[in-house]
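Visitor: mmCIF, C-alpha atoms, saved as query.cif, coming up:
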data_run
loop_
_atom_site.label_atom_id
_atom_site.label_comp_id
_atom_site.auth_asym_id
_atom_site.auth_seq_id
_atom_site.Cartn_x
_atom_site.Cartn_y
_atom_site.Cartn_z
CA MET A 1 1.90 5.96 -15.64
CA ILE A 2 -0.75 7.18 -13.23
CA LYS A 3 -0.41 10.85 -12.33
CA VAL A 4 -1.85 13.45 -9.99
CA GLY A 5 -5.52 13.98 -10.82
CA ASP A 6 -6.05 10.45 -12.14
CA THR A 7 -8.49 8.00 -10.60
CA LEU A 8 -7.19 4.78 -9.06
CA PRO A 9 -7.70 1.77 -11.32
CA ALA A 10 -10.94 -0.16 -10.87
CA VAL A 11 -9.31 -3.43 -9.85
CA THR A 12 -9.85 -5.76 -6.92
CA LEU A 13 -7.13 -6.31 -4.35
CA MET A 14 -7.24 -8.97 -1.63
CA GLU A 15 -6.96 -8.61 2.13
CA TYR A 16 -6.49 -11.40 4.67
CA SER A 17 -8.93 -11.21 7.56
CA GLU A 18 -7.99 -12.84 10.87
CA VAL A 19 -11.56 -12.76 12.19
CA GLU A 20 -14.99 -13.05 10.63
CA GLY A 21 -17.39 -10.17 10.83
CA GLU A 22 -19.33 -7.46 9.01
CA GLY A 23 -19.28 -9.15 5.63
CA CYS A 24 -15.72 -10.45 5.92
CA SER A 25 -15.01 -14.12 6.14
CA LEU A 26 -11.91 -15.58 7.71
CA GLY A 27 -9.12 -15.65 5.12
CA PRO A 28 -8.71 -13.70 1.88
CA ASN A 29 -11.43 -11.17 1.08
CA PRO A 30 -11.85 -9.05 -2.05
CA VAL A 31 -11.30 -5.30 -1.78
CA PRO A 32 -12.71 -3.46 -4.81
CA VAL A 33 -10.45 -0.39 -4.98
CA ALA A 34 -13.12 2.06 -6.19
CA LEU A 35 -15.54 1.07 -3.44
CA ALA A 36 -12.87 0.95 -0.70
CA ALA A 37 -11.51 4.39 -1.63
CA ALA A 38 -14.86 6.15 -2.06
CA GLY A 39 -15.27 9.12 0.26
CA LYS A 40 -11.94 8.54 2.03
CA THR A 41 -8.51 10.10 2.20
CA ILE A 42 -5.95 7.32 1.93
CA ALA A 43 -2.23 7.33 2.58
CA LEU A 44 -1.12 4.57 0.22
CA PHE A 45 2.33 3.10 -0.14
CA ALA A 46 3.52 0.23 -2.28
CA LEU A 47 6.50 -2.03 -1.99
CA PRO A 48 8.04 -4.63 -4.31
CA GLY A 49 7.46 -7.54 -1.94
CA ALA A 50 6.56 -8.62 1.56
CA PHE A 51 9.27 -9.66 4.00
CA THR A 52 12.02 -7.88 2.05
CA PRO A 53 14.76 -6.50 4.34
CA THR A 54 14.31 -2.76 3.78
CA CYS A 55 10.52 -2.91 3.63
CA SER A 56 10.32 -5.00 6.83
CA ALA A 57 12.92 -2.97 8.72
CA LYS A 58 12.03 0.56 7.58
CA HIS A 59 8.93 1.14 5.51
CA VAL A 60 6.17 -0.84 7.23
CA PRO A 61 7.43 -0.06 10.77
CA GLY A 62 7.63 3.63 9.83
CA TYR A 63 3.98 3.67 8.81
CA VAL A 64 2.95 1.69 11.91
CA ALA A 65 4.79 4.21 14.11
CA LYS A 66 3.23 7.20 12.31
CA ALA A 67 -0.29 5.77 11.88
CA ALA A 68 -1.87 7.93 14.59
CA GLU A 69 -0.18 11.07 13.22
CA LEU A 70 -1.29 10.28 9.66
CA ARG A 71 -4.87 9.83 10.86
CA ALA A 72 -4.74 13.03 12.92
CA ALA A 73 -3.50 14.87 9.81
CA GLY A 74 -6.48 13.66 7.78
CA ALA A 75 -5.86 10.13 6.51
CA ASP A 76 -8.89 7.90 7.00
CA GLU A 77 -6.92 4.77 6.13
CA ILE A 78 -3.35 3.69 5.41
CA TRP A 79 -2.87 1.08 2.72
CA CYS A 80 0.23 -1.02 2.10
CA LEU A 81 0.18 -2.71 -1.33
CA SER A 82 2.53 -5.40 -2.50
CA VAL A 83 2.63 -7.97 -5.28
CA ASN A 84 2.07 -10.96 -3.04
CA ASP A 85 -0.91 -13.15 -2.23
CA ALA A 86 -3.29 -12.38 0.63
CA PHE A 87 -1.87 -15.17 2.82
CA VAL A 88 1.63 -13.69 2.61
CA MET A 89 0.32 -10.19 3.31
CA GLY A 90 -1.63 -11.56 6.29
CA ALA A 91 1.49 -13.22 7.69
CA TRP A 92 3.49 -10.03 7.15
CA ALA A 93 0.75 -8.02 8.90
CA ARG A 94 0.97 -10.33 11.94
CA GLU A 95 4.76 -10.08 12.02
CA GLN A 96 4.71 -6.28 11.70
CA GLY A 97 1.84 -5.64 14.12
CA THR A 98 -0.25 -3.66 11.64
CA THR A 99 -3.71 -4.63 12.93
CA GLY A 100 -5.87 -1.54 13.36
CA LYS A 101 -3.19 0.67 11.83
CA LEU A 102 -2.57 -0.38 8.21
CA ARG A 103 -4.51 -2.36 5.63
CA MET A 104 -2.14 -4.90 4.09
CA LEU A 105 -3.49 -5.36 0.56
CA ALA A 106 -2.36 -8.03 -1.86
CA ASP A 107 -1.94 -7.26 -5.55
CA GLY A 108 -1.41 -10.95 -6.30
CA ASP A 109 -1.12 -10.79 -10.08
CA ALA A 110 0.24 -7.22 -10.22
CA GLU A 111 -3.02 -5.99 -11.77
CA PHE A 112 -2.94 -2.72 -9.78
CA ALA A 113 0.78 -2.22 -10.49
CA ARG A 114 0.26 -2.79 -14.23
CA ALA A 115 -2.85 -0.56 -14.36
CA THR A 116 -0.96 2.31 -12.72
CA GLY A 117 2.20 1.77 -14.79
CA LEU A 118 4.20 1.52 -11.56
CA THR A 119 5.87 -1.81 -12.24
CA LEU A 120 9.32 -3.12 -11.53
CA ASP A 121 10.47 -6.09 -13.61
CA LEU A 122 12.58 -8.34 -11.40
CA SER A 123 12.30 -11.38 -13.68
CA GLY A 124 16.07 -11.48 -14.07
CA LYS A 125 16.32 -12.04 -10.33
CA GLY A 126 13.62 -14.71 -10.31
CA LEU A 127 11.00 -12.46 -8.71
CA GLY A 128 8.81 -11.62 -11.70
CA LEU A 129 6.83 -8.43 -12.13
CA ARG A 130 6.63 -6.37 -8.96
CA SER A 131 5.48 -2.93 -7.89
CA ASN A 132 7.75 0.07 -7.80
CA ARG A 133 8.26 1.56 -4.36
CA TYR A 134 6.06 4.66 -4.13
CA SER A 135 3.63 6.55 -1.96
CA MET A 136 0.54 8.53 -2.82
CA LEU A 137 -2.25 10.47 -1.22
CA VAL A 138 -5.69 9.62 -2.54
CA ARG A 139 -8.96 11.39 -1.86
CA ASP A 140 -12.22 9.82 -2.99
CA GLY A 141 -10.30 7.62 -5.43
CA LYS A 142 -8.32 10.48 -7.04
CA VAL A 143 -4.56 10.85 -6.73
CA LEU A 144 -3.61 14.07 -4.92
CA GLU A 145 0.12 13.40 -4.55
CA LEU A 146 2.41 10.79 -6.10
CA ASN A 147 5.97 10.08 -5.00
CA VAL A 148 7.85 7.44 -7.02
CA GLU A 149 11.28 6.33 -5.92
CA ALA A 150 14.20 5.95 -8.26
CA ALA A 151 15.80 2.52 -8.29
CA GLY A 152 17.95 1.90 -5.24
CA LYS A 153 16.62 4.96 -3.39
CA PHE A 154 14.55 4.89 -0.22
CA GLU A 155 13.53 8.52 0.00
CA VAL A 156 9.87 9.13 -0.83
CA SER A 157 7.91 6.08 0.27
CA ASP A 158 8.36 6.67 3.98
CA ALA A 159 5.57 7.86 6.26
CA ASP A 160 7.15 11.28 6.85
CA THR A 161 6.74 12.19 3.16
CA LEU A 162 2.99 11.56 3.21
CA LEU A 163 2.62 13.14 6.64
CA ALA A 164 4.22 16.37 5.36
CA GLN A 165 1.95 16.33 2.30
CA LEU A 166 -1.16 15.80 4.44
CA ARG A 167 -0.18 18.72 6.63
CA GLY A 168 0.30 20.77 3.47
#
Write the structure described by the file as structure tokens, please.
Guide:
Amino acid sequence: MIKVGDTLPAVTLMEYSEVEGEGCSLGPNPVPVALAAAGKTIALFALPGAFTPTCSAKHVPGYVAKAAELRAAGADEIWCLSVNDAFVMGAWAREQGTTGKLRMLADGDAEFARATGLTLDLSGKGLGLRSNRYSMLVRDGKVLELNVEAAGKFEVSDADTLLAQLRG
């Protein structure tokens, strides 16, 4: 499993763009993790799936509400990762009003989740391999803080955890 001090895996995530511009076409666009994280402090959180009740009611809205505070405390970007395709993440972003606040990044085949060792096997429930629920602070591609939730808990992936860690 990834740990504090490790570098994020060199994989490519996908992000749905609503408008064309500055090298981004309308629709899904590749986001090479190493390039996207270079020189930035990122508040990153991951969830098992888009549109799930707890994630839609608590986690994403919590980060949207705290986005300005996270940026003021030193986060250059806020990333939400989920094992979904870019179209689903784009629809979830529209529903949650994340534009300009969070980057909704798709880990379609769970490559990032597998590379970090932060997987959750929900095959028995018909959902396949998913991501654990966690949060991390990343600076220039290196993990500064990692908070992984125990199954059934909703304690460390909220925005307040990362905000406290940014404020030190």
Visitor: Would you pick out the contacts of Asp76 (chain A) at 9 Å or less, using all atoms listed in the file, so that residues sharing its chain but fewer than 2 positions from it are not included, and give the list as a PyMOL selection string?
Guide: chain A and resi 40-43+70-72+74+78
Visitor: Please enumerate the residues selected by the PyMOL selection byres ((chain A and resi 143) around 12) when evaluated against the supplied file, formatted as number ranges by chain.
Guide: A: 2-9, 37, 40-44, 116, 135-142, 144-147
Visitor: At a cut-off of 12 Å, using only C-alpha atoms, what residues contact Ala91 (chain A)? Leave out same-chain residues fewer than 3 positions from it and give the result as JSON, numbers by chain.
Guide: {"A": [15, 16, 17, 18, 27, 28, 50, 51, 84, 85, 86, 87, 88, 94, 95, 96, 97, 98, 99, 104, 105, 106]}
Visitor: Could you work out an axis-aligned bounding box for all listed atoms of region 34-53 of chain A, with 6 Å added on each of the six sides, and give its centre and edge lengths in Å to one decimal, as lines of an AutoDock Vina configuration file?
Guide:
center_x = -0.4
center_y = 0.2
center_z = -0.9
size_x = 42.3
size_y = 31.8
size_z = 22.5
Visitor: So which residues touch Ala150 (chain A) within 12 Å, counting all atoms listed in the file, skipping near sequence neighbours fewer than 6 positions away, as a list in words?
Guide: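 My reading of the contact set: Leu118, Leu120, Asn132, Arg133, Tyr134, Val156 and Ser157 of chain A.
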Visitor: Mind listing as an MDAnalysis selection string all residues within 10 Å of (-4.3, -0.5, 10.2), counting all atoms listed in the file?
Guide: chainID A and resid 63:64 67:68 77:80 93 97:104
